[in-house]
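What's in query-v5.cif: mmCIF, C-alpha atoms
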```
data_model
#
loop_
_atom_site.group_PDB
_atom_site.id
_atom_site.type_symbol
_atom_site.label_atom_id
_atom_site.label_comp_id
_atom_site.auth_asym_id
_atom_site.auth_seq_id
_atom_site.Cartn_x
_atom_site.Cartn_y
_atom_site.Cartn_z
ATOM 1 C CA MET Z 67 105.820 64.335 60.029
ATOM 2 C CA PRO Z 68 104.819 67.897 60.869
ATOM 3 C CA TYR Z 69 106.155 70.371 58.337
ATOM 4 C CA ARG Z 70 108.144 73.479 59.095
ATOM 5 C CA VAL Z 71 108.008 76.337 56.642
ATOM 6 C CA ASP Z 72 110.184 79.400 57.080
ATOM 7 C CA LYS Z 73 107.946 82.462 57.220
ATOM 8 C CA ARG Z 74 109.881 84.025 54.346
ATOM 9 C CA LEU Z 75 109.085 81.070 52.083
ATOM 10 C CA THR Z 76 105.356 81.802 52.235
ATOM 11 C CA GLU Z 77 106.177 84.699 49.943
ATOM 12 C CA ILE Z 78 107.132 82.320 47.118
ATOM 13 C CA ILE Z 79 105.524 78.897 47.637
ATOM 14 C CA GLU Z 80 101.951 78.242 46.553
ATOM 15 C CA ARG Z 81 101.232 74.758 47.906
ATOM 16 C CA ILE Z 82 102.121 72.586 50.881
ATOM 17 C CA GLU Z 83 100.884 69.218 52.099
ATOM 18 C CA CYS Z 84 98.399 68.855 54.925
ATOM 19 C CA PRO Z 85 100.220 67.179 57.843
ATOM 20 C CA HIS Z 86 96.992 65.385 58.764
ATOM 21 C CA CYS Z 87 95.791 63.816 55.498
ATOM 22 C CA GLY Z 88 98.564 64.633 53.004
ATOM 23 C CA ALA Z 89 96.295 66.548 50.640
ATOM 24 C CA PRO Z 90 97.662 69.686 48.950
ATOM 25 C CA ILE Z 91 96.912 73.011 50.643
ATOM 26 C CA SER Z 92 97.061 76.101 48.470
ATOM 27 C CA ILE Z 93 98.436 79.195 50.171
ATOM 28 C CA GLN Z 94 98.950 82.771 49.111
ATOM 29 C CA PRO Z 95 101.846 85.084 49.973
ATOM 30 C CA GLY Z 96 101.779 86.189 53.605
ATOM 31 C CA GLU Z 97 99.352 83.542 54.887
ATOM 32 C CA LEU Z 98 100.334 82.076 58.265
ATOM 33 C CA VAL Z 99 97.375 79.863 59.202
ATOM 34 C CA ALA Z 100 95.978 77.427 56.631
ATOM 35 C CA THR Z 101 93.000 75.057 56.607
ATOM 36 C CA CYS Z 102 92.845 71.876 54.533
ATOM 37 C CA LYS Z 103 89.722 71.804 52.360
ATOM 38 C CA TYR Z 104 89.702 68.009 52.392
ATOM 39 C CA CYS Z 105 89.841 67.180 56.100
ATOM 40 C CA GLY Z 106 89.396 70.597 57.742
ATOM 41 C CA PHE Z 107 92.696 70.328 59.668
ATOM 42 C CA THR Z 108 94.091 73.761 60.512
ATOM 43 C CA SER Z 109 97.815 74.373 60.946
ATOM 44 C CA VAL Z 110 100.195 77.210 61.646
ATOM 45 C CA ILE Z 111 102.283 77.299 58.493
ATOM 46 C CA GLU Z 112 105.484 78.695 59.926
ATOM 47 C CA THR Z 113 105.786 75.918 62.527
ATOM 48 C CA GLY Z 114 103.692 73.115 61.113
ATOM 49 C CA LYS Z 115 102.238 72.380 64.533
ATOM 50 C CA ALA Z 116 98.624 71.388 65.019
ATOM 51 C CA PHE Z 117 96.266 74.301 65.497
ATOM 52 C CA GLU Z 118 95.969 74.984 69.216
ATOM 53 C CA TYR Z 119 93.085 77.458 69.246
ATOM 54 C CA GLU Z 120 89.356 77.076 68.835
ATOM 55 C CA HIS Z 121 88.476 77.205 65.143
ATOM 56 C CA SER Z 122 84.844 78.141 64.549
ATOM 57 C CA LEU Z 123 82.571 78.570 61.580
ATOM 58 C CA ILE Z 124 79.446 80.619 60.936
ATOM 59 C CA LEU Z 125 77.177 79.047 58.348
ATOM 60 C CA ASN Z 126 76.041 80.813 55.204
ATOM 61 C CA LYS Z 127 72.253 80.883 54.760
ATOM 62 C CA LEU Z 128 71.968 82.851 51.526
ATOM 63 C CA GLU Z 129 72.008 81.983 47.857
ATOM 64 C CA THR Z 130 73.116 84.375 45.152
ATOM 65 C CA LYS Z 131 69.583 85.374 44.104
ATOM 66 C CA ARG Z 132 68.499 86.128 47.662
ATOM 67 C CA THR Z 133 71.669 88.142 48.330
ATOM 68 C CA ILE Z 134 70.959 90.357 45.323
ATOM 69 C CA GLU Z 135 67.346 90.813 46.456
ATOM 70 C CA ILE Z 136 68.537 91.907 49.906
ATOM 71 C CA LEU Z 137 70.957 94.462 48.462
ATOM 72 C CA THR Z 138 68.364 95.797 46.010
ATOM 73 C CA GLY Z 139 65.817 96.155 48.812
ATOM 74 C CA TRP Z 140 68.365 98.001 50.905
ATOM 75 C CA MET Z 141 69.003 100.408 48.012
ATOM 76 C CA GLN Z 142 65.265 101.066 47.681
ATOM 77 C CA ASN Z 143 64.919 101.902 51.368
ATOM 78 C CA SER Z 144 68.109 103.934 51.813
ATOM 79 C CA PHE Z 145 67.368 107.648 52.084
ATOM 80 C CA MET Z 146 70.989 108.369 51.144
ATOM 81 C CA ALA Z 147 70.856 106.453 47.852
ATOM 82 C CA PRO Z 148 69.805 108.004 44.533
ATOM 83 C CA LYS Z 149 66.114 107.347 43.921
ATOM 84 C CA ASP Z 150 66.811 105.300 40.795
ATOM 85 C CA LEU Z 151 69.729 103.311 42.242
ATOM 86 C CA ALA Z 152 67.843 100.053 42.884
ATOM 87 C CA LYS Z 153 66.346 100.155 39.387
ATOM 88 C CA LYS Z 154 69.448 101.147 37.425
ATOM 89 C CA ALA Z 155 72.239 99.492 39.412
ATOM 90 C CA LYS Z 156 73.684 96.505 37.549
ATOM 91 C CA ILE Z 157 75.163 93.786 39.736
ATOM 92 C CA THR Z 158 78.493 92.769 38.204
ATOM 93 C CA GLU Z 159 79.898 90.439 40.889
ATOM 94 C CA THR Z 160 78.573 88.213 43.680
ATOM 95 C CA THR Z 161 81.213 86.211 45.508
ATOM 96 C CA LEU Z 162 80.783 84.282 48.744
ATOM 97 C CA VAL Z 163 83.938 84.543 50.826
ATOM 98 C CA TYR Z 164 84.607 82.950 54.193
ATOM 99 C CA VAL Z 165 86.610 85.719 55.802
ATOM 100 C CA PRO Z 166 88.999 84.831 58.656
ATOM 101 C CA PHE Z 167 88.879 86.712 61.950
ATOM 102 C CA TRP Z 168 90.464 86.398 65.358
ATOM 103 C CA ILE Z 169 88.111 86.947 68.289
ATOM 104 C CA VAL Z 170 90.131 88.077 71.286
ATOM 105 C CA SER Z 171 88.191 87.828 74.555
ATOM 106 C CA LEU Z 172 89.814 90.025 77.177
ATOM 107 C CA LYS Z 173 89.240 92.411 80.038
ATOM 108 C CA ALA Z 174 90.621 95.938 79.713
ATOM 109 C CA SER Z 175 91.176 98.173 82.743
ATOM 110 C CA THR Z 176 92.114 101.812 82.250
ATOM 111 C CA HIS Z 177 92.905 104.501 84.791
ATOM 112 C CA TYR Z 178 93.114 108.087 83.638
ATOM 113 C CA LYS Z 179 93.707 111.490 85.146
ATOM 114 C CA GLY Z 180 93.215 114.791 83.426
ATOM 115 C CA VAL Z 181 92.165 118.406 83.533
ATOM 116 C CA PHE Z 182 88.602 119.508 82.880
ATOM 117 C CA GLU Z 183 88.977 122.977 81.334
ATOM 118 C CA ARG Z 184 85.400 123.734 80.320
ATOM 119 C CA ILE Z 185 84.762 125.446 83.648
ATOM 120 C CA SER Z 186 86.657 128.132 85.510
ATOM 121 C CA PRO Z 187 88.769 127.464 87.354
ATOM 122 C CA PRO Z 188 89.806 124.146 85.700
ATOM 123 C CA VAL Z 189 89.564 121.035 87.885
ATOM 124 C CA THR Z 190 91.528 117.784 87.952
ATOM 125 C CA LYS Z 191 89.495 114.627 87.471
ATOM 126 C CA GLU Z 192 90.308 110.910 87.654
ATOM 127 C CA GLY Z 193 88.370 107.929 86.417
ATOM 128 C CA ASP Z 194 88.424 104.245 85.553
ATOM 129 C CA ILE Z 195 87.123 102.249 82.592
ATOM 130 C CA ASN Z 196 86.725 98.505 83.125
ATOM 131 C CA LYS Z 197 85.149 96.485 80.349
ATOM 132 C CA ASP Z 198 85.064 92.968 78.930
ATOM 133 C CA TYR Z 199 85.369 92.585 75.170
ATOM 134 C CA ALA Z 200 85.083 89.934 72.483
ATOM 135 C CA TRP Z 201 87.184 92.004 70.101
ATOM 136 C CA LEU Z 202 87.082 91.204 66.388
ATOM 137 C CA VAL Z 203 90.330 91.410 64.424
ATOM 138 C CA LEU Z 204 90.431 90.901 60.665
ATOM 139 C CA ALA Z 205 93.008 88.174 59.992
ATOM 140 C CA ARG Z 206 94.052 89.617 56.636
ATOM 141 C CA LYS Z 207 96.559 92.327 55.832
ATOM 142 C CA ALA Z 208 96.190 92.565 52.076
ATOM 143 C CA SER Z 209 92.387 92.737 51.990
ATOM 144 C CA TYR Z 210 89.890 95.461 52.788
ATOM 145 C CA PHE Z 211 86.820 94.711 54.881
ATOM 146 C CA PRO Z 212 84.665 97.132 56.938
ATOM 147 C CA THR Z 213 85.312 95.310 60.224
ATOM 148 C CA SER Z 214 83.975 98.134 62.391
ATOM 149 C CA SER Z 215 80.568 97.870 60.667
ATOM 150 C CA TYR Z 216 80.320 94.094 61.049
ATOM 151 C CA LYS Z 217 78.282 92.831 64.000
ATOM 152 C CA THR Z 218 79.480 89.251 64.274
ATOM 153 C CA PRO Z 219 76.647 86.795 65.055
ATOM 154 C CA LEU Z 220 78.762 84.852 67.552
ATOM 155 C CA GLU Z 221 75.752 82.948 68.864
ATOM 156 C CA ALA Z 222 75.623 81.179 65.487
ATOM 157 C CA LYS Z 223 79.194 79.853 65.482
ATOM 158 C CA ILE Z 224 79.864 76.117 65.392
ATOM 159 C CA PRO Z 225 83.085 74.052 65.386
ATOM 160 C CA PHE Z 226 84.773 74.410 62.004
ATOM 161 C CA ASP Z 227 83.543 71.836 59.489
ATOM 162 C CA PHE Z 228 84.715 72.185 55.899
ATOM 163 C CA THR Z 229 81.889 69.952 54.629
ATOM 164 C CA LYS Z 230 79.439 72.718 55.548
ATOM 165 C CA VAL Z 231 81.235 75.259 53.336
ATOM 166 C CA GLN Z 232 79.700 75.723 49.877
ATOM 167 C CA PRO Z 233 81.972 74.301 47.144
ATOM 168 C CA GLU Z 234 81.842 77.551 45.173
ATOM 169 C CA ALA Z 235 82.820 79.687 48.171
ATOM 170 C CA LYS Z 236 86.295 81.122 48.599
ATOM 171 C CA VAL Z 237 87.944 80.402 51.955
ATOM 172 C CA LEU Z 238 90.717 82.788 52.969
ATOM 173 C CA ASN Z 239 93.546 81.868 55.317
ATOM 174 C CA SER Z 240 94.926 84.070 58.068
ATOM 175 C CA GLU Z 241 97.797 86.449 57.370
ATOM 176 C CA ILE Z 242 98.418 87.216 61.030
ATOM 177 C CA ASP Z 243 99.097 84.912 63.969
ATOM 178 C CA VAL Z 244 97.391 84.951 67.339
ATOM 179 C CA ASP Z 245 100.073 87.100 69.013
ATOM 180 C CA GLU Z 246 99.658 89.837 66.424
ATOM 181 C CA ALA Z 247 95.873 89.588 66.706
ATOM 182 C CA VAL Z 248 96.068 90.125 70.468
ATOM 183 C CA SER Z 249 98.397 93.083 69.940
ATOM 184 C CA VAL Z 250 96.011 94.654 67.407
ATOM 185 C CA ALA Z 251 93.040 94.166 69.744
ATOM 186 C CA GLN Z 252 94.873 95.750 72.663
ATOM 187 C CA GLU Z 253 95.971 98.749 70.593
ATOM 188 C CA GLU Z 254 92.459 99.351 69.259
ATOM 189 C CA ILE Z 255 90.879 99.016 72.701
ATOM 190 C CA GLU Z 256 93.458 101.375 74.189
ATOM 191 C CA ASN Z 257 92.576 103.924 71.494
ATOM 192 C CA LEU Z 258 88.899 103.487 72.322
ATOM 193 C CA HIS Z 259 89.497 104.014 76.034
ATOM 194 C CA SER Z 260 91.569 107.099 75.271
ATOM 195 C CA PHE Z 261 88.632 108.463 73.265
ATOM 196 C CA LEU Z 262 86.213 107.677 76.105
ATOM 197 C CA SER Z 263 88.511 109.304 78.663
ATOM 198 C CA LYS Z 264 88.583 112.495 76.641
ATOM 199 C CA GLN Z 265 84.814 112.724 76.913
ATOM 200 C CA ASP Z 266 85.360 113.313 80.619
ATOM 201 C CA VAL Z 267 88.478 115.490 80.601
ATOM 202 C CA ASP Z 268 89.894 117.960 78.120
ATOM 203 C CA LYS Z 269 93.563 117.218 78.683
ATOM 204 C CA LEU Z 270 94.946 113.846 79.747
ATOM 205 C CA VAL Z 271 97.767 113.944 82.284
ATOM 206 C CA GLU Z 272 97.946 110.221 83.079
ATOM 207 C CA PHE Z 273 96.637 107.259 81.116
ATOM 208 C CA SER Z 274 97.391 103.572 81.571
ATOM 209 C CA THR Z 275 95.627 100.382 80.462
ATOM 210 C CA SER Z 276 96.168 96.784 81.530
ATOM 211 C CA PHE Z 277 94.747 93.692 79.829
ATOM 212 C CA GLU Z 278 93.726 90.241 80.912
ATOM 213 C CA VAL Z 279 93.479 87.994 77.844
ATOM 214 C CA LYS Z 280 91.039 85.155 78.413
ATOM 215 C CA THR Z 281 90.548 83.252 75.146
ATOM 216 C CA THR Z 282 91.311 83.563 71.447
ATOM 217 C CA THR Z 283 89.146 82.057 68.722
ATOM 218 C CA TYR Z 284 89.860 81.675 65.026
ATOM 219 C CA LEU Z 285 86.647 82.230 63.076
ATOM 220 C CA HIS Z 286 85.542 81.973 59.457
ATOM 221 C CA ALA Z 287 82.438 84.027 58.659
ATOM 222 C CA PRO Z 288 80.458 84.033 55.383
ATOM 223 C CA ILE Z 289 80.491 87.402 53.675
ATOM 224 C CA TRP Z 290 79.045 88.146 50.268
ATOM 225 C CA PHE Z 291 81.216 90.561 48.287
ATOM 226 C CA LEU Z 292 79.217 92.341 45.616
ATOM 227 C CA SER Z 293 80.066 94.873 42.950
ATOM 228 C CA TYR Z 294 77.566 96.961 41.063
ATOM 229 C CA GLN Z 295 77.709 99.471 38.251
ATOM 230 C CA TYR Z 296 75.785 102.716 38.255
ATOM 231 C CA ARG Z 297 76.227 105.471 35.677
ATOM 232 C CA ASN Z 298 79.490 103.922 34.442
ATOM 233 C CA SER Z 299 81.093 103.753 37.895
ATOM 234 C CA GLU Z 300 81.778 100.666 40.036
ATOM 235 C CA TYR Z 301 80.816 100.355 43.716
ATOM 236 C CA ARG Z 302 81.213 97.687 46.403
ATOM 237 C CA ALA Z 303 78.808 96.159 48.900
ATOM 238 C CA TYR Z 304 79.100 93.563 51.673
ATOM 239 C CA VAL Z 305 76.272 91.337 52.924
ATOM 240 C CA ASP Z 306 76.383 89.048 55.963
ATOM 241 C CA GLY Z 307 75.682 85.528 54.682
ATOM 242 C CA SER Z 308 74.388 84.412 58.071
ATOM 243 C CA THR Z 309 71.989 87.215 59.031
ATOM 244 C CA GLY Z 310 71.274 88.826 55.663
ATOM 245 C CA ASP Z 311 72.305 92.236 56.971
ATOM 246 C CA VAL Z 312 73.930 94.707 54.599
ATOM 247 C CA ILE Z 313 77.214 95.389 56.358
ATOM 248 C CA LYS Z 314 78.191 98.257 54.100
ATOM 249 C CA CYS Z 315 77.305 99.544 50.654
ATOM 250 C CA ASP Z 316 79.269 102.217 48.863
ATOM 251 C CA LEU Z 317 76.883 104.777 47.414
ATOM 252 C CA PRO Z 318 77.270 107.170 44.481
ATOM 253 C CA VAL Z 319 78.003 110.743 45.418
ATOM 254 C CA ALA Z 320 74.996 112.957 44.793
ATOM 255 C CA GLN Z 321 75.349 114.723 41.477
ATOM 256 C CA SER Z 322 74.483 118.369 41.100
ATOM 257 C CA ASN Z 323 71.952 119.439 38.481
ATOM 258 C CA PHE Z 324 73.905 122.627 37.838
#
```
As structure tokens, what does this structure read like?
Amino acid sequence: MPYRVDKRLTEIIERIECPHCGAPISIQPGELVATCKYCGFTSVIETGKAFEYEHSLILNKLETKRTIEILTGWMQNSFMAPKDLAKKAKITETTLVYVPFWIVSLKASTHYKGVFERISPPVTKEGDINKDYAWLVLARKASYFPTSSYKTPLEAKIPFDFTKVQPEAKVLNSEIDVDEAVSVAQEEIENLHSFLSKQDVDKLVEFSTSFEVKTTTYLHAPIWFLSYQYRNSEYRAYVDGSTGDVIKCDLPVAQSNF
């Protein structure tokens, strides 16, 4: 029997049964989409219905040692890092996490009208922005991740298969549903189009955007979360487990010699 869990109960329960194989599924407060680590079945917790969207996986290709080597090499080559960072940084954590994302494929069409005031007399201008996007939305609310810096290797995605996930890896569930993901994508794209419009006009008079949502994909991507210590302070770094790219690395603020 499919299960039905009231959304409010996800704030207090820690485990439910997989409706496909009966195995226990551990969930954390706020999670709405859960994947069984035994059979790979994905369900929407608040309704218990079978997952109706494409669920994809990007494979991890790095081991811990190689991940540390990549980060250390990046530190050595970064002109913004202290010269002794690679040598003196002490790695204190390396955790492989399969981070959940929604990929919202949609077309956005914006029409704007505004006043160009950088010349005299000012002139009224109109324009259109029409673009297709595969917009990435982080499916977590309680976690930080530099989504804007992450270039998702979508060409590497395969159908989700839990047997291809490393046993030591942590797999996070989604804390937002597909409707909220679409809403987030539309809001962020609208903000982007507003920014682009203001490159053409100084003052917007009219601005409207319409969307055509094509597909939505639920994706788990392998991200290495690292922490390192340098001069008694802790910093974070993120490495793409598929491509080996350093997504972001927090750097120490340059210290004055005076």
Worksheet entry | Ground truth for the PyMOL selection byres ((chain Z and resi 120) around 8), written as a ChimeraX atom specification | /Z:118-119,121-122,225,282-284
Worksheet entry | Counting all atoms listed in the file, the residue of Z:Gln252, Z:Gln265, Z:Ile91, Z:Ala200 that sits nearest Pro219 of chain Z |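 Looking only at the distances to Pro219 of chain Z, the closest residue turns out to be Z:Ala200.
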Item to complete: Enumerate, as a list in words, the protein, DNA and RNA residues whose atoms approach (75.1, 81.1, 55.8) to within 10 Å, taking into account all atoms listed in the file and the coordinate frame of the file.
Response: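 The requested residues, written out, are Leu123, Ile124, Leu125, Asn126, Lys127, Leu128, Glu129, Leu162, Tyr164, Ala222, Lys230, Val231, Gln232, Ala287, Pro288, Ile289, Trp290, Asp306, Gly307, Ser308, Thr309 and Gly310 of chain Z.
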Fill in: Pairwise distance for atom CA of Ala208 of chain Z and atom CA of Asn298 of chain Z, rounded to one decimal in Å
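Calculated distance between atom CA of Ala208 of chain Z and atom CA of Asn298 of chain Z is 26.8 Å.
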Discussion item. At a cut-off of 12 Å around the point (87.2, 95.3, 57.2) (file coordinates), what residues fall inside when counting all atoms listed in the file? I'd like the answer as an MDAnalysis selection string.
Written reply: chainID Z and resid 165:167 202:217 289 291 303:304 313:314
Worksheet item: Looking at all atoms listed in the file, which of Z:Ile185, Z:Cys105, Z:Cys84, Z:Ala152 is the one that sits closest to Leu317 of chain Z?
Response: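 Nearest candidate to Leu317 of chain Z out of Z:Ile185, Z:Cys105, Z:Cys84, Z:Ala152: Z:Ala152.
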Worksheet item: What is the atom CA of Asp198 of chain Z to atom CA of Ser171 of chain Z distance in Å?
Response: 7.4 Å
Discussion item. Quick check, in Å to one decimal: how far apart do atom CA of Ser175 of chain Z and atom CA of Val248 of chain Z lie?
Written reply: 15.5 Å
Discussion item. Counting only C-alpha atoms, which residue out of Z:Ser92, Z:Asn196, Z:Asn239, Z:Gln295 sits closest to His259 of chain Z?
Written reply: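 Among the listed residues, the smallest separation from His259 of chain Z belongs to Z:Asn196.
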Item to complete: Identify which of the residues Z:Ser240, Z:Met146, Z:Ala116, Z:Arg184 lies closest to Ile93 of chain Z, counting all atoms listed in the file when measuring atom-to-atom distances.
Response: Z:Ser240
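Across Z:Ser109, Z:Tyr296, Z:Lys103, Z:Glu234, the tightest approach to Lys153 of chain Z is made by Z:Tyr296 when counting all atoms listed in the file.
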Worksheet entry | Nearest to Leu285 of chain Z by atom-to-atom distance, counting all atoms listed in the file, from Z:Thr218, Z:Thr190, Z:Lys197, Z:Glu97 | Z:Thr218
Fill in: Resolved residues for the PyMOL selection byres ((chain Z and resi 260) around 10) as a list in words
Thr176, His177, Tyr178, Ile195, Glu254, Ile255, Glu256, Asn257, Leu258, His259, Phe261, Leu262, Ser263, Lys264, Gln265, Leu270, Phe273, Ser274 and Thr275 of chain Z
Discussion item. Please list as a list in words every residue within 12 Å of Lys154 of chain Z, counting all atoms listed in the file and excluding residues in the same chain fewer than 3 positions away.
Written reply: Thr138, Met141, Gln142, Ala147, Pro148, Lys149, Asp150, Leu151, Ile157, Tyr294, Gln295, Tyr296, Arg297, Asn298 and Ser299 of chain Z
Just-selected residues, C-alpha atoms written as an mmCIF file, keeping the file's coordinate frame:
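File produced: out-v3.cif:
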```
data_model
loop_
_atom_site.group_PDB
_atom_site.id
_atom_site.type_symbol
_atom_site.label_atom_id
_atom_site.label_comp_id
_atom_site.auth_asym_id
_atom_site.auth_seq_id
_atom_site.Cartn_x
_atom_site.Cartn_y
_atom_site.Cartn_z
ATOM 1 C CA THR Z 138 68.364 95.797 46.010
ATOM 2 C CA MET Z 141 69.003 100.408 48.012
ATOM 3 C CA GLN Z 142 65.265 101.066 47.681
ATOM 4 C CA ALA Z 147 70.856 106.453 47.852
ATOM 5 C CA PRO Z 148 69.805 108.004 44.533
ATOM 6 C CA LYS Z 149 66.114 107.347 43.921
ATOM 7 C CA ASP Z 150 66.811 105.300 40.795
ATOM 8 C CA LEU Z 151 69.729 103.311 42.242
ATOM 9 C CA ILE Z 157 75.163 93.786 39.736
ATOM 10 C CA TYR Z 294 77.566 96.961 41.063
ATOM 11 C CA GLN Z 295 77.709 99.471 38.251
ATOM 12 C CA TYR Z 296 75.785 102.716 38.255
ATOM 13 C CA ARG Z 297 76.227 105.471 35.677
ATOM 14 C CA ASN Z 298 79.490 103.922 34.442
ATOM 15 C CA SER Z 299 81.093 103.753 37.895
#
```
